[in-house]
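First the structure, in the form of structure tokens, and then the observations on it.
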Amino acid sequence: MWRIGQLARMVGVSGRTLRHYDKIGLLAPAAVDHSTGYRWYGVAELSRLERIRGLQRLGLPLRQIADLLDAPEAQLRQALAEIVTGIKRDIAALADTAAQAEDHLATPMSILPQQATLGPRRLRVRHVRLDHPSELATVCPAPPATLLTWLRGQPTGGFTAAVTTDRVGEHLTLPARAVVRAVVPPSTDVVRAGQDLFGWLDRHHLAITGPTMEEHLVDADGAHAVVLEVSVRTHAI
């Protein structure tokens, strides 16, 4: 039999850890000397402690280890399979974050695009015909207002746009959709931001499925902001 300090040194844990395991019912000592308070551990406790530490190294939290220590092997394997699935999901998310950061470093951007899922939206708009993107600024009313175009890149000729209106206009319903959106910094030209956004979509293999929205917002203090939003779908790989 070993006292708590001896077992702690043998296994490489602290006495505090062993006391905590006892407190939560994970590893009770084989015996306790009630006159001195000494905890005594034997081979069975040593084996149980090593199993606890092994399960910890596999990523299982103590609460789950308590449920699995004496469980059938099939139950343990199922728990480990779920751990592996979660780890792979986390790795994929981290890889995506790293790829986006590398893309931003490799290609200087005026915006930081974000992907989101939006519900349906109903607008009242009037359609206008334009000859060049430079004319867009002249047709957009004062904020709050939304400008829509159906471009997939730089137009080679005339094109149609739409602007929201409080007067007589056509009702336009945008369905629930996946979008990429970006807030345009005040110091950035909206046309440049749009070009950066289209470039980002292309590099991330995202196809445009609906209108590009240029939303001009204003808050209660009179501060302005422009938000670009594009409906997208992922290209088949």
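Ordered as shown in the structure tokens, chains take letters A, B, and onward, while each chain numbers its residues from 1 and ligands are numbered from 1 in the order shown.
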Nearby residues (only C-alpha atoms) at most 9 Å from segment 186-201 of chain A, same-chain spacing under 5 positions excluded, as a VMD selection string: chain A and resid 103 108 to 113 133 to 134 152 to 154 180 to 181 206 to 208 214 224 to 226 228 230 232
Grab the residues selected above and save them as a compact mmCIF listing (two decimals), in the first residue's frame with C-alpha atoms.
```txt
# COMPACT_ATOMS: atom_id res chain seq x y z
CA ASP A 103 -5.61 35.19 -47.97
CA PRO A 108 -4.44 43.32 -49.26
CA MET A 109 -8.14 43.97 -48.76
CA SER A 110 -10.10 47.10 -47.96
CA ILE A 111 -12.81 44.97 -46.30
CA LEU A 112 -13.19 41.87 -44.12
CA PRO A 113 -15.95 39.71 -45.69
CA PRO A 133 -20.82 51.95 -62.65
CA SER A 134 -19.77 55.54 -61.94
CA ARG A 152 -21.07 39.33 -61.79
CA GLY A 153 -18.10 41.63 -62.37
CA GLN A 154 -17.16 44.77 -64.28
CA VAL A 180 -21.16 37.23 -47.98
CA ARG A 181 -21.31 40.70 -46.45
CA LEU A 206 -18.22 31.13 -54.21
CA ALA A 207 -20.70 31.69 -57.03
CA ILE A 208 -23.04 34.68 -57.02
CA GLU A 214 -25.20 48.17 -51.38
CA HIS A 224 -23.11 56.78 -42.10
CA ALA A 225 -22.10 53.23 -43.02
CA VAL A 226 -22.21 51.19 -46.22
CA LEU A 228 -22.11 45.26 -49.22
CA VAL A 230 -23.87 39.25 -52.11
CA VAL A 232 -23.77 33.08 -52.90
```
Hey, could you make a per-residue contact list for segment 53-153 of chain A against segment 25-28 of chain A with 12 Å as the cut-off, showing the nearest pair of atoms and its distance in Å to one decimal, counting only C-alpha atoms, sorted by chain and number, as a Markdown table?
```
| residue | atom | partner | partner_atom | distance |
| --- | --- | --- | --- | --- |
| A:Arg53 | CA | A:Leu27 | CA | 11.5 |
| A:Pro61 | CA | A:Leu26 | CA | 11.9 |
| A:Leu62 | CA | A:Leu26 | CA | 8.2 |
| A:Arg63 | CA | A:Leu26 | CA | 9.0 |
| A:Gln64 | CA | A:Leu26 | CA | 10.6 |
| A:Ile65 | CA | A:Leu26 | CA | 8.3 |
| A:Ala66 | CA | A:Leu26 | CA | 5.9 |
| A:Asp67 | CA | A:Leu26 | CA | 9.4 |
| A:Leu68 | CA | A:Leu26 | CA | 10.6 |
| A:Leu69 | CA | A:Leu26 | CA | 8.7 |
| A:Asp70 | CA | A:Leu26 | CA | 10.8 |
```
Residues just named, written with N, CA and C atoms as a tab-separated table (two decimals), in the first residue's frame:
```tsv
chain	number	residue	atom	x	y	z
A	53	ARG	N	-6.02	8.71	-16.36
A	53	ARG	CA	-5.07	9.57	-17.06
A	53	ARG	C	-5.03	9.26	-18.55
A	61	PRO	N	-13.31	14.68	-20.82
A	61	PRO	CA	-13.36	15.47	-19.57
A	61	PRO	C	-13.63	14.54	-18.39
A	62	LEU	N	-13.28	15.01	-17.20
A	62	LEU	CA	-13.44	14.19	-16.01
A	62	LEU	C	-14.89	13.74	-15.80
A	63	ARG	N	-15.84	14.61	-16.08
A	63	ARG	CA	-17.25	14.25	-15.88
A	63	ARG	C	-17.63	13.05	-16.74
A	64	GLN	N	-17.12	13.02	-17.99
A	64	GLN	CA	-17.42	11.90	-18.87
A	64	GLN	C	-16.62	10.66	-18.49
A	65	ILE	N	-15.38	10.88	-18.03
A	65	ILE	CA	-14.55	9.76	-17.58
A	65	ILE	C	-15.24	9.02	-16.44
A	66	ALA	N	-15.87	9.76	-15.53
A	66	ALA	CA	-16.56	9.14	-14.39
A	66	ALA	C	-17.65	8.19	-14.88
A	67	ASP	N	-18.29	8.53	-15.99
A	67	ASP	CA	-19.36	7.69	-16.53
A	67	ASP	C	-18.84	6.48	-17.30
A	68	LEU	N	-17.57	6.60	-17.76
A	68	LEU	CA	-17.05	5.57	-18.67
A	68	LEU	C	-16.04	4.63	-18.04
A	69	LEU	N	-15.55	4.96	-16.86
A	69	LEU	CA	-14.51	4.14	-16.25
A	69	LEU	C	-14.91	2.67	-16.14
A	70	ASP	N	-16.15	2.43	-15.76
A	70	ASP	CA	-16.62	1.06	-15.57
A	70	ASP	C	-17.63	0.65	-16.64
```
Restricting the calculation to only C-alpha atoms: of A:Val163, A:Leu60, A:Ala99, A:Val184, which residue gets closest to Pro211 of chain A?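 With only C-alpha atoms as the atom set, the closest residue is A:Val163.
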DSSP alpha helix (DSSP H) residues within segment 126-174 of chain A, as an MDAnalysis selection string: chainID A and resid 136:139
Restricting it to all heavy atoms, dump the selection as a compact mmCIF listing (two decimals), in the first residue's frame.
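Okay, this is what ended up in result-v5.txt:
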```txt
# COMPACT_ATOMS: atom_id res chain seq x y z
N LEU A 136 -23.75 54.95 -60.49
CA LEU A 136 -24.50 54.39 -59.37
C LEU A 136 -24.67 55.39 -58.23
O LEU A 136 -25.72 55.46 -57.61
CB LEU A 136 -23.78 53.13 -58.85
CG LEU A 136 -23.85 51.90 -59.76
CD1 LEU A 136 -22.92 50.80 -59.25
CD2 LEU A 136 -25.28 51.38 -59.85
N ALA A 137 -23.62 56.16 -57.97
CA ALA A 137 -23.68 57.11 -56.86
C ALA A 137 -24.77 58.15 -57.07
O ALA A 137 -25.35 58.66 -56.10
CB ALA A 137 -22.33 57.79 -56.67
N THR A 138 -25.06 58.45 -58.31
CA THR A 138 -26.04 59.51 -58.59
C THR A 138 -27.48 59.03 -58.45
O THR A 138 -28.37 59.86 -58.29
CB THR A 138 -25.83 60.06 -60.01
OG1 THR A 138 -26.09 59.01 -60.97
CG2 THR A 138 -24.40 60.56 -60.20
N VAL A 139 -27.72 57.72 -58.52
CA VAL A 139 -29.09 57.22 -58.47
C VAL A 139 -29.50 56.76 -57.08
O VAL A 139 -30.67 56.55 -56.81
CB VAL A 139 -29.30 56.06 -59.47
CG1 VAL A 139 -29.00 56.51 -60.88
CG2 VAL A 139 -28.47 54.85 -59.09
```
May I ask which of the residues A:Gly119, A:Pro143, A:Pro72, A:Gly169 is the closest one to Val218 of chain A, counting only C-alpha atoms?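 Checking each of A:Gly119, A:Pro143, A:Pro72, A:Gly169 against Val218 of chain A, counting only C-alpha atoms, the winner is A:Pro143.
Here atom CA of Pro155 of chain A and atom CA of Thr212 of chain A stand 13.4 Å from one another.
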Selected residue, from A:Arg203, A:Arg129, A:Arg77, A:Lys23, that lies nearest to Gly157 of chain A when counting only C-alpha atoms: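 Among the listed residues, A:Arg129 lies closest to Gly157 of chain A.
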